[in-house]
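Colleague: Got a file for you: model.pdb, PDB, C-alpha atoms (C1' of nucleotides).
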ATOM      1  CA  MET D   1      -1.938 -27.428   9.415  1.00  0.00           C
ATOM      2  CA  ARG D   2       0.220 -28.129   6.403  1.00  0.00           C
ATOM      3  CA  VAL D   3      -0.740 -25.816   3.550  1.00  0.00           C
ATOM      4  CA  THR D   4      -0.594 -27.864   0.383  1.00  0.00           C
ATOM      5  CA  LYS D   5      -1.042 -26.603  -3.144  1.00  0.00           C
ATOM      6  CA  LYS D   6      -4.610 -27.880  -2.941  1.00  0.00           C
ATOM      7  CA  ILE D   7      -5.295 -25.779   0.131  1.00  0.00           C
ATOM      8  CA  LYS D   8      -3.746 -22.693  -1.449  1.00  0.00           C
ATOM      9  CA  GLU D   9      -6.068 -23.114  -4.409  1.00  0.00           C
ATOM     10  CA  LYS D  10      -8.987 -23.319  -2.010  1.00  0.00           C
ATOM     11  CA  GLN D  11      -7.830 -20.175  -0.202  1.00  0.00           C
ATOM     12  CA  ILE D  12      -7.672 -18.296  -3.488  1.00  0.00           C
ATOM     13  CA  GLU D  13     -11.074 -19.622  -4.542  1.00  0.00           C
ATOM     14  CA  ILE D  14     -12.730 -18.439  -1.330  1.00  0.00           C
ATOM     15  CA  LEU D  15     -11.042 -15.050  -1.463  1.00  0.00           C
ATOM     16  CA  GLY D  16     -12.247 -14.597  -5.028  1.00  0.00           C
ATOM     17  CA  GLN D  17     -15.789 -15.380  -3.986  1.00  0.00           C
ATOM     18  CA  ILE D  18     -16.062 -13.066  -0.995  1.00  0.00           C
ATOM     19  CA  TYR D  19     -14.127 -10.167  -2.461  1.00  0.00           C
ATOM     20  CA  ALA D  20     -15.338 -10.412  -6.049  1.00  0.00           C
ATOM     21  CA  GLY D  21     -15.081  -7.065  -7.775  1.00  0.00           C
ATOM     22  CA  ALA D  22     -12.698  -5.624  -5.205  1.00  0.00           C
ATOM     23  CA  LYS D  23     -10.929  -2.541  -6.466  1.00  0.00           C
ATOM     24  CA  PRO D  24      -8.734   0.223  -5.048  1.00  0.00           C
ATOM     25  CA  GLU D  25     -10.274   2.496  -2.459  1.00  0.00           C
ATOM     26  CA  LEU D  26      -8.015   5.321  -3.563  1.00  0.00           C
ATOM     27  CA  VAL D  27      -9.841   7.873  -5.702  1.00  0.00           C
ATOM     28  CA  TYR D  28      -8.086   8.830  -8.955  1.00  0.00           C
ATOM     29  CA  SER D  29      -9.006   9.803 -12.486  1.00  0.00           C
ATOM     30  CA  ASN D  30      -5.771   9.165 -14.388  1.00  0.00           C
ATOM     31  CA  PRO D  31      -2.336   7.487 -13.958  1.00  0.00           C
ATOM     32  CA  PHE D  32      -0.792  10.672 -12.574  1.00  0.00           C
ATOM     33  CA  GLU D  33      -3.382  11.023  -9.825  1.00  0.00           C
ATOM     34  CA  LEU D  34      -3.036   7.349  -8.957  1.00  0.00           C
ATOM     35  CA  LEU D  35       0.735   7.644  -8.729  1.00  0.00           C
ATOM     36  CA  ILE D  36       0.576  10.615  -6.360  1.00  0.00           C
ATOM     37  CA  ALA D  37      -2.180   8.994  -4.288  1.00  0.00           C
ATOM     38  CA  VAL D  38      -0.154   5.808  -3.850  1.00  0.00           C
ATOM     39  CA  ILE D  39       2.953   7.720  -2.798  1.00  0.00           C
ATOM     40  CA  LEU D  40       0.832   9.551  -0.219  1.00  0.00           C
ATOM     41  CA  SER D  41      -0.724   6.328   1.038  1.00  0.00           C
ATOM     42  CA  ALA D  42       2.434   5.084   2.760  1.00  0.00           C
ATOM     43  CA  GLN D  43       1.632   4.635   6.473  1.00  0.00           C
ATOM     44  CA  CYS D  44      -1.704   6.379   5.984  1.00  0.00           C
ATOM     45  CA  THR D  45      -5.287   5.275   5.466  1.00  0.00           C
ATOM     46  CA  ASP D  46      -6.799   5.522   1.988  1.00  0.00           C
ATOM     47  CA  LYS D  47      -9.675   7.525   3.413  1.00  0.00           C
ATOM     48  CA  ARG D  48      -7.285  10.224   4.602  1.00  0.00           C
ATOM     49  CA  VAL D  49      -5.400  10.189   1.293  1.00  0.00           C
ATOM     50  CA  ASN D  50      -8.659  10.738  -0.606  1.00  0.00           C
ATOM     51  CA  VAL D  51      -9.473  13.841   1.419  1.00  0.00           C
ATOM     52  CA  THR D  52      -5.987  15.186   0.764  1.00  0.00           C
ATOM     53  CA  THR D  53      -5.842  14.427  -2.954  1.00  0.00           C
ATOM     54  CA  ALA D  54      -9.285  15.897  -3.611  1.00  0.00           C
ATOM     55  CA  ARG D  55      -8.033  19.198  -2.242  1.00  0.00           C
ATOM     56  CA  LEU D  56      -4.594  18.928  -3.854  1.00  0.00           C
ATOM     57  CA  PHE D  57      -5.736  18.058  -7.377  1.00  0.00           C
ATOM     58  CA  ALA D  58      -8.330  20.837  -7.319  1.00  0.00           C
ATOM     59  CA  LYS D  59      -5.404  23.251  -7.053  1.00  0.00           C
ATOM     60  CA  ALA D  60      -2.753  21.288  -8.942  1.00  0.00           C
ATOM     61  CA  PRO D  61      -4.077  18.631 -11.336  1.00  0.00           C
ATOM     62  CA  ASP D  62      -0.801  17.739 -13.073  1.00  0.00           C
ATOM     63  CA  ALA D  63       2.965  17.484 -12.622  1.00  0.00           C
ATOM     64  CA  GLN D  64       3.755  20.984 -13.841  1.00  0.00           C
ATOM     65  CA  SER D  65       1.231  22.663 -11.559  1.00  0.00           C
ATOM     66  CA  ILE D  66       2.558  20.790  -8.535  1.00  0.00           C
ATOM     67  CA  ILE D  67       6.039  22.016  -9.402  1.00  0.00           C
ATOM     68  CA  ASP D  68       4.620  25.521  -9.681  1.00  0.00           C
ATOM     69  CA  MET D  69       3.039  25.494  -6.232  1.00  0.00           C
ATOM     70  CA  GLY D  70       6.423  24.989  -4.568  1.00  0.00           C
ATOM     71  CA  ILE D  71       7.673  22.628  -1.885  1.00  0.00           C
ATOM     72  CA  ASP D  72       6.413  24.590   1.133  1.00  0.00           C
ATOM     73  CA  ALA D  73       2.853  24.811  -0.134  1.00  0.00           C
ATOM     74  CA  LEU D  74       2.927  21.144  -1.093  1.00  0.00           C
ATOM     75  CA  GLU D  75       4.087  20.162   2.400  1.00  0.00           C
ATOM     76  CA  GLN D  76       1.180  21.999   3.988  1.00  0.00           C
ATOM     77  CA  GLU D  77      -1.246  20.539   1.477  1.00  0.00           C
ATOM     78  CA  ILE D  78      -0.311  16.932   2.293  1.00  0.00           C
ATOM     79  CA  ARG D  79       0.569  17.329   5.967  1.00  0.00           C
ATOM     80  CA  ASP D  80      -2.357  15.269   7.230  1.00  0.00           C
ATOM     81  CA  CYS D  81      -1.053  12.151   5.497  1.00  0.00           C
ATOM     82  CA  GLY D  82       2.017  11.985   7.710  1.00  0.00           C
ATOM     83  CA  LEU D  83       5.659  11.581   6.623  1.00  0.00           C
ATOM     84  CA  PHE D  84       4.850  14.812   4.835  1.00  0.00           C
ATOM     85  CA  ARG D  85       8.335  16.253   4.409  1.00  0.00           C
ATOM     86  CA  SER D  86       9.764  13.207   2.682  1.00  0.00           C
ATOM     87  CA  LYS D  87       6.589  12.654   0.683  1.00  0.00           C
ATOM     88  CA  ALA D  88       6.562  16.268  -0.501  1.00  0.00           C
ATOM     89  CA  LYS D  89      10.217  16.050  -1.442  1.00  0.00           C
ATOM     90  CA  ASN D  90       9.663  12.820  -3.375  1.00  0.00           C
ATOM     91  CA  ILE D  91       6.498  14.019  -5.106  1.00  0.00           C
ATOM     92  CA  MET D  92       8.234  17.196  -6.172  1.00  0.00           C
ATOM     93  CA  ALA D  93      11.252  15.307  -7.519  1.00  0.00           C
ATOM     94  CA  THR D  94       9.007  12.816  -9.288  1.00  0.00           C
ATOM     95  CA  CYS D  95       7.004  15.607 -10.912  1.00  0.00           C
ATOM     96  CA  ARG D  96      10.222  17.170 -12.183  1.00  0.00           C
ATOM     97  CA  THR D  97      11.303  13.867 -13.666  1.00  0.00           C
ATOM     98  CA  LEU D  98       7.914  13.396 -15.317  1.00  0.00           C
ATOM     99  CA  VAL D  99       8.059  16.851 -16.889  1.00  0.00           C
ATOM    100  CA  GLU D 100      11.718  16.727 -17.878  1.00  0.00           C
ATOM    101  CA  GLU D 101      11.937  13.163 -19.157  1.00  0.00           C
ATOM    102  CA  PHE D 102       8.429  11.958 -19.949  1.00  0.00           C
ATOM    103  CA  ASP D 103       6.580  14.986 -21.241  1.00  0.00           C
ATOM    104  CA  GLY D 104       4.590  15.189 -18.013  1.00  0.00           C
ATOM    105  CA  GLU D 105       3.168  11.682 -18.427  1.00  0.00           C
ATOM    106  CA  VAL D 106       3.548   8.650 -16.137  1.00  0.00           C
ATOM    107  CA  PRO D 107       5.802   6.033 -17.795  1.00  0.00           C
ATOM    108  CA  GLU D 108       4.275   2.564 -18.228  1.00  0.00           C
ATOM    109  CA  ASP D 109       7.460   0.537 -17.932  1.00  0.00           C
ATOM    110  CA  PHE D 110       7.888  -1.048 -14.497  1.00  0.00           C
ATOM    111  CA  ASP D 111      11.627  -0.481 -14.170  1.00  0.00           C
ATOM    112  CA  THR D 112      11.212   3.113 -15.257  1.00  0.00           C
ATOM    113  CA  LEU D 113       8.521   3.640 -12.626  1.00  0.00           C
ATOM    114  CA  LEU D 114      10.850   2.153  -9.999  1.00  0.00           C
ATOM    115  CA  LYS D 115      13.448   4.830 -10.659  1.00  0.00           C
ATOM    116  CA  LEU D 116      11.057   7.658  -9.787  1.00  0.00           C
ATOM    117  CA  PRO D 117      11.827   9.262  -6.403  1.00  0.00           C
ATOM    118  CA  GLY D 118       9.520   7.896  -3.716  1.00  0.00           C
ATOM    119  CA  VAL D 119       8.410   5.013  -5.893  1.00  0.00           C
ATOM    120  CA  GLY D 120       9.427   1.599  -4.603  1.00  0.00           C
ATOM    121  CA  ARG D 121       8.403  -1.859  -5.664  1.00  0.00           C
ATOM    122  CA  LYS D 122       4.961  -1.710  -4.076  1.00  0.00           C
ATOM    123  CA  THR D 123       3.992   1.627  -5.638  1.00  0.00           C
ATOM    124  CA  ALA D 124       5.396   0.652  -9.040  1.00  0.00           C
ATOM    125  CA  ASN D 125       3.377  -2.559  -8.976  1.00  0.00           C
ATOM    126  CA  VAL D 126       0.154  -0.755  -8.057  1.00  0.00           C
ATOM    127  CA  VAL D 127       0.536   1.792 -10.857  1.00  0.00           C
ATOM    128  CA  SER D 128       1.593  -0.885 -13.320  1.00  0.00           C
ATOM    129  CA  SER D 129      -1.341  -3.092 -12.429  1.00  0.00           C
ATOM    130  CA  VAL D 130      -4.135  -0.604 -11.759  1.00  0.00           C
ATOM    131  CA  ALA D 131      -3.337   2.214 -14.173  1.00  0.00           C
ATOM    132  CA  PHE D 132      -1.864   0.176 -17.015  1.00  0.00           C
ATOM    133  CA  ASN D 133      -3.673  -3.107 -16.584  1.00  0.00           C
ATOM    134  CA  ARG D 134      -0.572  -5.297 -16.364  1.00  0.00           C
ATOM    135  CA  PRO D 135      -0.452  -8.474 -14.265  1.00  0.00           C
ATOM    136  CA  ALA D 136       1.334  -7.655 -11.015  1.00  0.00           C
ATOM    137  CA  ILE D 137       1.126  -8.271  -7.288  1.00  0.00           C
ATOM    138  CA  ALA D 138       1.933  -5.291  -5.105  1.00  0.00           C
ATOM    139  CA  VAL D 139       2.918  -6.482  -1.639  1.00  0.00           C
ATOM    140  CA  ASP D 140       1.902  -3.904   0.931  1.00  0.00           C
ATOM    141  CA  THR D 141       1.524  -4.339   4.676  1.00  0.00           C
ATOM    142  CA  HIS D 142      -1.796  -6.195   4.266  1.00  0.00           C
ATOM    143  CA  VAL D 143      -0.737  -8.533   1.472  1.00  0.00           C
ATOM    144  CA  PHE D 144       2.456  -9.317   3.355  1.00  0.00           C
ATOM    145  CA  ARG D 145       0.664 -10.114   6.595  1.00  0.00           C
ATOM    146  CA  ILE D 146      -2.207 -12.121   5.090  1.00  0.00           C
ATOM    147  CA  SER D 147       0.030 -14.151   2.786  1.00  0.00           C
ATOM    148  CA  ASN D 148       2.211 -15.183   5.694  1.00  0.00           C
ATOM    149  CA  ARG D 149      -0.725 -15.959   7.986  1.00  0.00           C
ATOM    150  CA  LEU D 150      -2.389 -18.121   5.348  1.00  0.00           C
ATOM    151  CA  LYS D 151       1.015 -19.483   4.314  1.00  0.00           C
ATOM    152  CA  LEU D 152      -0.207 -18.830   0.807  1.00  0.00           C
ATOM    153  CA  ALA D 153       3.257 -17.360   0.374  1.00  0.00           C
ATOM    154  CA  THR D 154       5.799 -16.940   3.128  1.00  0.00           C
ATOM    155  CA  GLY D 155       8.874 -14.766   3.443  1.00  0.00           C
ATOM    156  CA  GLU D 156      10.809 -12.261   5.491  1.00  0.00           C
ATOM    157  CA  THR D 157      10.606  -9.556   2.855  1.00  0.00           C
ATOM    158  CA  PRO D 158       7.850  -8.234   0.558  1.00  0.00           C
ATOM    159  CA  MET D 159       9.960  -9.340  -2.409  1.00  0.00           C
ATOM    160  CA  GLU D 160      10.017 -12.970  -1.236  1.00  0.00           C
ATOM    161  CA  VAL D 161       6.262 -12.937  -0.648  1.00  0.00           C
ATOM    162  CA  GLU D 162       5.683 -11.365  -4.051  1.00  0.00           C
ATOM    163  CA  GLN D 163       7.553 -14.184  -5.765  1.00  0.00           C
ATOM    164  CA  GLY D 164       5.766 -16.808  -3.699  1.00  0.00           C
ATOM    165  CA  LEU D 165       2.392 -15.336  -4.614  1.00  0.00           C
ATOM    166  CA  MET D 166       3.260 -15.309  -8.302  1.00  0.00           C
ATOM    167  CA  LYS D 167       3.920 -19.043  -8.074  1.00  0.00           C
ATOM    168  CA  ALA D 168       0.790 -19.795  -6.046  1.00  0.00           C
ATOM    169  CA  ILE D 169      -1.620 -17.730  -8.142  1.00  0.00           C
ATOM    170  CA  PRO D 170      -2.276 -18.035 -11.883  1.00  0.00           C
ATOM    171  CA  LYS D 171      -1.080 -14.956 -13.735  1.00  0.00           C
ATOM    172  CA  GLU D 172      -4.497 -13.882 -14.965  1.00  0.00           C
ATOM    173  CA  LYS D 173      -5.615 -13.540 -11.350  1.00  0.00           C
ATOM    174  CA  TRP D 174      -2.591 -11.662  -9.998  1.00  0.00           C
ATOM    175  CA  SER D 175      -4.114  -8.198 -10.061  1.00  0.00           C
ATOM    176  CA  ASP D 176      -7.468  -9.303  -8.682  1.00  0.00           C
ATOM    177  CA  ALA D 177      -5.900 -11.474  -5.992  1.00  0.00           C
ATOM    178  CA  HIS D 178      -3.834  -8.513  -4.873  1.00  0.00           C
ATOM    179  CA  HIS D 179      -7.073  -6.664  -4.121  1.00  0.00           C
ATOM    180  CA  TRP D 180      -8.711  -9.694  -2.521  1.00  0.00           C
ATOM    181  CA  LEU D 181      -5.844  -9.952  -0.043  1.00  0.00           C
ATOM    182  CA  ILE D 182      -5.998  -6.264   0.795  1.00  0.00           C
ATOM    183  CA  TRP D 183      -9.739  -6.345   1.404  1.00  0.00           C
ATOM    184  CA  HIS D 184      -9.376  -9.418   3.556  1.00  0.00           C
ATOM    185  CA  GLY D 185      -6.690  -7.636   5.574  1.00  0.00           C
ATOM    186  CA  ARG D 186      -8.925  -4.639   6.097  1.00  0.00           C
ATOM    187  CA  LYS D 187     -12.197  -6.357   6.870  1.00  0.00           C
ATOM    188  CA  ILE D 188     -11.301  -9.634   8.595  1.00  0.00           C
ATOM    189  CA  CYS D 189      -7.645 -10.493   8.963  1.00  0.00           C
ATOM    190  CA  LYS D 190      -6.652  -7.278  10.701  1.00  0.00           C
ATOM    191  CA  ALA D 191      -3.158  -6.665  11.986  1.00  0.00           C
ATOM    192  CA  ARG D 192      -4.009  -6.204  15.631  1.00  0.00           C
ATOM    193  CA  LYS D 193      -7.149  -8.210  16.228  1.00  0.00           C
ATOM    194  CA  PRO D 194      -7.992 -10.662  13.421  1.00  0.00           C
ATOM    195  CA  LEU D 195     -11.653 -11.724  13.360  1.00  0.00           C
ATOM    196  CA  CYS D 196     -11.011 -15.461  13.073  1.00  0.00           C
ATOM    197  CA  ALA D 197     -14.443 -16.299  14.471  1.00  0.00           C
ATOM    198  CA  GLU D 198     -16.165 -14.808  11.448  1.00  0.00           C
ATOM    199  CA  CYS D 199     -13.525 -15.620   8.834  1.00  0.00           C
ATOM    200  CA  PRO D 200     -14.674 -17.587   5.766  1.00  0.00           C
ATOM    201  CA  LEU D 201     -11.107 -18.847   5.416  1.00  0.00           C
ATOM    202  CA  ALA D 202     -10.875 -20.307   8.910  1.00  0.00           C
ATOM    203  CA  GLU D 203     -10.974 -23.892   7.610  1.00  0.00           C
ATOM    204  CA  VAL D 204      -8.031 -23.351   5.302  1.00  0.00           C
ATOM    205  CA  CYS D 205      -5.948 -21.087   7.540  1.00  0.00           C
ATOM    206  CA  PRO D 206      -2.995 -22.449   9.523  1.00  0.00           C
ATOM    207  CA  SER D 207      -3.018 -19.345  11.736  1.00  0.00           C
ATOM    208  CA  ASN D 208      -6.667 -19.663  12.680  1.00  0.00           C
ATOM    209  CA  GLU D 209      -6.879 -19.512  16.475  1.00  0.00           C
ATOM    210  CA  MET D 210     -10.363 -21.004  16.641  1.00  0.00           C
ATOM    211  CA  LYS D 211     -11.395 -24.684  16.687  1.00  0.00           C
TER     212      LYS D 211
ATOM    213  C1'  DC F   1      18.655  -1.077  10.533  1.00  0.00           C
ATOM    214  C1'  DT F   2      16.614   3.725  11.437  1.00  0.00           C
ATOM    215  C1'  DC F   3      14.062   7.572  10.253  1.00  0.00           C
ATOM    216  C1'  DC F   4      10.167   9.933   8.556  1.00  0.00           C
ATOM    217  C1'  DC F   5       4.955  11.471  10.910  1.00  0.00           C
ATOM    218  C1'  DG F   6      -0.255  12.838  11.377  1.00  0.00           C
ATOM    219  C1'  DA F   7      -4.641  10.473  11.880  1.00  0.00           C
ATOM    220  C1'  DT F   8      -7.166   6.758  13.552  1.00  0.00           C
ATOM    221  C1'  DA F   9      -8.565   2.384  15.992  1.00  0.00           C
ATOM    222  C1'  DT F  10      -8.270  -0.249  20.039  1.00  0.00           C
TER     223       DT F  10
ATOM    224  C1'  DA G   1      -1.130   4.880  25.732  1.00  0.00           C
ATOM    225  C1'  DT G   2       0.051   2.269  21.836  1.00  0.00           C
ATOM    226  C1'  DA G   3      -0.257  -0.130  17.380  1.00  0.00           C
ATOM    227  C1'  DT G   4      -1.217   0.578  12.784  1.00  0.00           C
ATOM    228  C1'  DC G   5      -2.243   2.764   8.426  1.00  0.00           C
ATOM    229  C1'  DA G   6      -2.068   0.436   0.286  1.00  0.00           C
ATOM    230  C1'  DG G   7       6.431   2.393   2.163  1.00  0.00           C
ATOM    231  C1'  DG G   8      10.694   4.225   0.704  1.00  0.00           C
ATOM    232  C1'  DA G   9      15.253   6.298   1.297  1.00  0.00           C
ATOM    233  C1'  DG G  10      19.672   6.642   3.514  1.00  0.00           C
TER     234       DG G  10
END
If you convert what's in this file into structure tokens, what do you get?

Modeller:
Amino acid sequence: MRVTKKIKEKQIEILGQIYAGAKPELVYSNPFELLIAVILSAQCTDKRVNVTTARLFAKAPDAQSIIDMGIDALEQEIRDCGLFRSKAKNIMATCRTLVEEFDGEVPEDFDTLLKLPGVGRKTANVVSSVAFNRPAIAVDTHVFRISNRLKLATGETPMEVEQGLMKAIPKEKWSDAHHWLIWHGRKICKARKPLCAECPLAEVCPSNEMK
DNA sequence: CTCCCGATAT
DNA sequence: ATATCAGGAG
């Protein structure tokens, strides 16, 4: 199947219909909590992150109190999320930066977010989009996989896919579409065993194994 | 490119 | 047993 612009529009239309109202599964109550939750979510399920952050924020609700608890305690607190040593190190360094340079607040500027330790392009885009309501498309493992399978946007790197998606999707839908793709990746177009037989996008998917 | 890493699904 | 989970740093 050749995926024309027309077909991409149809893919986006269907995604918007089935995943209308999709929002993050991560639980957070302010930009700081979202930032920490997203850092923790690398190679970890959101469900597990939510259990961890609920416990963590009850003890340390802001940057200064995380600094105060110390690196060893932080490591133990987030252990269940995996990659815990590097995550603890990055969270600690990020909290110091927030306190020292931004009065304990999370900066809104994308490039400033990117400079925070442990914050890469994907995390910066999520915070920018979700916490500060700016149009952005964070390309995580799901968005990357689904975009390539649909050929909605193709590329070897998340950056390439991100740029392809920005061309294929109107700007006002960027943030929503980002969530549509994630939900589709979780519910239907799974990494290991995609459920093509029950996929509403089967007709417009070049990777569909059925028919 | 490799390494970090526990929990979970298959 | 193994692949995968809202990645990022060196």

Colleague: Report as a PyMOL selection string all protein, DNA and RNA residues lying within 8 Å of DG7 of chain G, evaluated on all atoms listed in the file, omitting residues in the same chain fewer than 4 positions from it.

Modeller: chain D and resi 42-43+120+122+140

Colleague: On this file, the PyMOL selection byres ((chain D and resi 35) around 12) gives some set of residues; write that set as a count of residues only.

Modeller: 47

Colleague: Counting all atoms listed in the file, which residue out of D:Cys81, D:Leu56, D:Ala153, D:Met1 sits closest to DG6 of chain F?

Modeller: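 Among D:Cys81, D:Leu56, D:Ala153, D:Met1, it is D:Cys81 that comes nearest to DG6 of chain F.
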
Colleague: Counting only C-alpha atoms (C1' of nucleotides), which residues of chain D fall within 9 Å of chain F, and what is the closest atom pair for each with its distance in Å at one decimal, ordered by chain and rising number, as a Markdown table?

Modeller:
| residue | atom | partner | partner_atom | distance |
| --- | --- | --- | --- | --- |
| D:Gln43 | CA | F:DC5 | C1' | 8.8 |
| D:Cys44 | CA | F:DA7 | C1' | 7.8 |
| D:Thr45 | CA | F:DA7 | C1' | 8.3 |
| D:Arg48 | CA | F:DA7 | C1' | 7.7 |
| D:Arg79 | CA | F:DG6 | C1' | 7.1 |
| D:Asp80 | CA | F:DG6 | C1' | 5.2 |
| D:Cys81 | CA | F:DG6 | C1' | 6.0 |
| D:Gly82 | CA | F:DC5 | C1' | 4.4 |
| D:Leu83 | CA | F:DC5 | C1' | 4.3 |
| D:Phe84 | CA | F:DC5 | C1' | 6.9 |
| D:Arg85 | CA | F:DC4 | C1' | 7.8 |
| D:Ser86 | CA | F:DC4 | C1' | 6.7 |
| D:Arg192 | CA | F:DT10 | C1' | 8.5 |
| D:Lys193 | CA | F:DT10 | C1' | 8.9 |

Colleague: Could you write out as a ChimeraX atom specification the residues that the PyMOL selection byres ((chain G) within 10 of (chain D)) matches in the shown file?

Modeller: /G:3-9

Colleague: Expressed in Å to a single decimal, how great is the separation between atom CA of Trp180 of chain D and atom CA of Thr112 of chain D?

Modeller: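 Result for atom CA of Trp180 of chain D versus atom CA of Thr112 of chain D: 26.9 Å, one decimal.
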
Colleague: Could you jot down the atom CA of Arg149 of chain D to atom CA of Lys23 of chain D separation for me, Å, one decimal place?

Modeller: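 Value for the atom CA of Arg149 of chain D-atom CA of Lys23 of chain D distance: 22.2 Å.
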
Colleague: Using the chain letters and residue numbers of this document, give as a PyMOL selection string the residues selected by the PyMOL selection byres ((chain D and resi 201-208) around 7).

Modeller: chain D and resi 1+7+11+14+149-150+196+199-200+209-210

Colleague: Of the candidates D:Met159, D:Thr52, D:Lys47, D:Ala136, which shows the shortest atom-to-atom distance to Asp176 of chain D, using only C-alpha atoms?

Modeller: D:Ala136

Colleague: What are the centre and edge lengths in Å, to one decimal, of the axis-aligned box around all listed atoms of chain F with 4 Å added on each side, as AutoDock Vina command-line options?

Modeller:
--center_x 5.0 --center_y 5.9 --center_z 14.3 --size_x 35.2 --size_y 21.9 --size_z 19.5

Colleague: Between atom CA of Met92 of chain D and atom CA of Pro158 of chain D, what distance in Å does the model show, to one decimal?

Modeller: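 According to the coordinates, atom CA of Met92 of chain D and atom CA of Pro158 of chain D are separated by 26.3 Å.
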
Colleague: Grab chain F from that structure and dump N, CA and C atoms (P, O5', C5', C4', C3', O3' and C1' of nucleotides) to a file, as a JSON list (two decimals), in the first residue's frame.

Modeller:
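out-v2.json, written as the output of this step:
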[["chain", "number", "residue", "atom", "x", "y", "z"],
["F", 1, "DC", "P", 23.64, 1.22, 16.03],
["F", 1, "DC", "O5'", 24.58, 0.76, 17.25],
["F", 1, "DC", "C5'", 25.90, 0.38, 16.92],
["F", 1, "DC", "C4'", 26.73, 0.51, 18.17],
["F", 1, "DC", "C3'", 26.06, -0.14, 19.37],
["F", 1, "DC", "O3'", 26.74, -1.31, 19.73],
["F", 1, "DC", "C1'", 26.84, 2.08, 19.87],
["F", 2, "DT", "P", 25.95, -2.37, 20.75],
["F", 2, "DT", "O5'", 26.40, -1.76, 22.16],
["F", 2, "DT", "C5'", 27.78, -1.63, 22.46],
["F", 2, "DT", "C4'", 27.91, -1.00, 23.85],
["F", 2, "DT", "C3'", 27.15, -1.79, 24.93],
["F", 2, "DT", "O3'", 28.00, -1.94, 26.06],
["F", 2, "DT", "C1'", 26.43, 0.48, 24.90],
["F", 3, "DC", "P", 27.60, -3.06, 27.19],
["F", 3, "DC", "O5'", 26.99, -2.13, 28.34],
["F", 3, "DC", "C5'", 27.80, -1.12, 28.93],
["F", 3, "DC", "C4'", 26.89, -0.16, 29.69],
["F", 3, "DC", "C3'", 25.94, -0.86, 30.65],
["F", 3, "DC", "O3'", 26.27, -0.50, 31.97],
["F", 3, "DC", "C1'", 24.85, 0.86, 29.39],
["F", 4, "DC", "P", 25.75, -1.37, 33.23],
["F", 4, "DC", "O5'", 24.53, -0.50, 33.75],
["F", 4, "DC", "C5'", 24.74, 0.87, 34.15],
["F", 4, "DC", "C4'", 23.40, 1.59, 34.13],
["F", 4, "DC", "C3'", 22.30, 0.90, 34.97],
["F", 4, "DC", "O3'", 21.74, 1.86, 35.83],
["F", 4, "DC", "C1'", 21.50, 1.51, 32.84],
["F", 5, "DC", "P", 21.41, 1.52, 37.33],
["F", 5, "DC", "O5'", 20.12, 0.59, 37.12],
["F", 5, "DC", "C5'", 20.17, -0.79, 37.21],
["F", 5, "DC", "C4'", 18.77, -1.32, 37.19],
["F", 5, "DC", "C3'", 18.67, -2.84, 37.21],
["F", 5, "DC", "O3'", 17.53, -3.17, 37.98],
["F", 5, "DC", "C1'", 17.49, -2.03, 35.39],
["F", 6, "DG", "P", 17.61, -4.37, 39.07],
["F", 6, "DG", "O5'", 16.15, -4.41, 39.71],
["F", 6, "DG", "C5'", 15.62, -3.22, 40.29],
["F", 6, "DG", "C4'", 14.12, -3.12, 40.00],
["F", 6, "DG", "C3'", 13.36, -4.41, 40.25],
["F", 6, "DG", "O3'", 12.12, -4.08, 40.87],
["F", 6, "DG", "C1'", 13.06, -3.73, 37.99],
["F", 7, "DA", "P", 11.05, -5.25, 41.20],
["F", 7, "DA", "O5'", 9.98, -5.05, 40.03],
["F", 7, "DA", "C5'", 9.35, -3.78, 39.88],
["F", 7, "DA", "C4'", 8.29, -3.85, 38.80],
["F", 7, "DA", "C3'", 7.32, -5.03, 38.91],
["F", 7, "DA", "O3'", 6.03, -4.54, 38.60],
["F", 7, "DA", "C1'", 8.39, -5.07, 36.79],
["F", 8, "DT", "P", 4.73, -5.48, 38.81],
["F", 8, "DT", "O5'", 4.37, -5.94, 37.32],
["F", 8, "DT", "C5'", 4.10, -4.95, 36.34],
["F", 8, "DT", "C4'", 4.12, -5.58, 34.95],
["F", 8, "DT", "C3'", 3.24, -6.83, 34.82],
["F", 8, "DT", "O3'", 2.17, -6.52, 33.95],
["F", 8, "DT", "C1'", 5.33, -7.06, 33.69],
["F", 9, "DA", "P", 1.03, -7.62, 33.61],
["F", 9, "DA", "O5'", 1.40, -8.01, 32.10],
["F", 9, "DA", "C5'", 1.62, -6.98, 31.15],
["F", 9, "DA", "C4'", 1.96, -7.58, 29.80],
["F", 9, "DA", "C3'", 1.06, -8.74, 29.38],
["F", 9, "DA", "O3'", 0.86, -8.68, 27.97],
["F", 9, "DA", "C1'", 3.30, -9.51, 29.57],
["F", 10, "DT", "P", -0.18, -9.70, 27.25],
["F", 10, "DT", "O5'", 0.81, -10.77, 26.62],
["F", 10, "DT", "C5'", 1.79, -10.35, 25.69],
["F", 10, "DT", "C4'", 2.68, -11.52, 25.31],
["F", 10, "DT", "C3'", 1.92, -12.81, 25.00],
["F", 10, "DT", "O3'", 2.36, -13.35, 23.76],
["F", 10, "DT", "C1'", 3.66, -13.24, 26.52]]
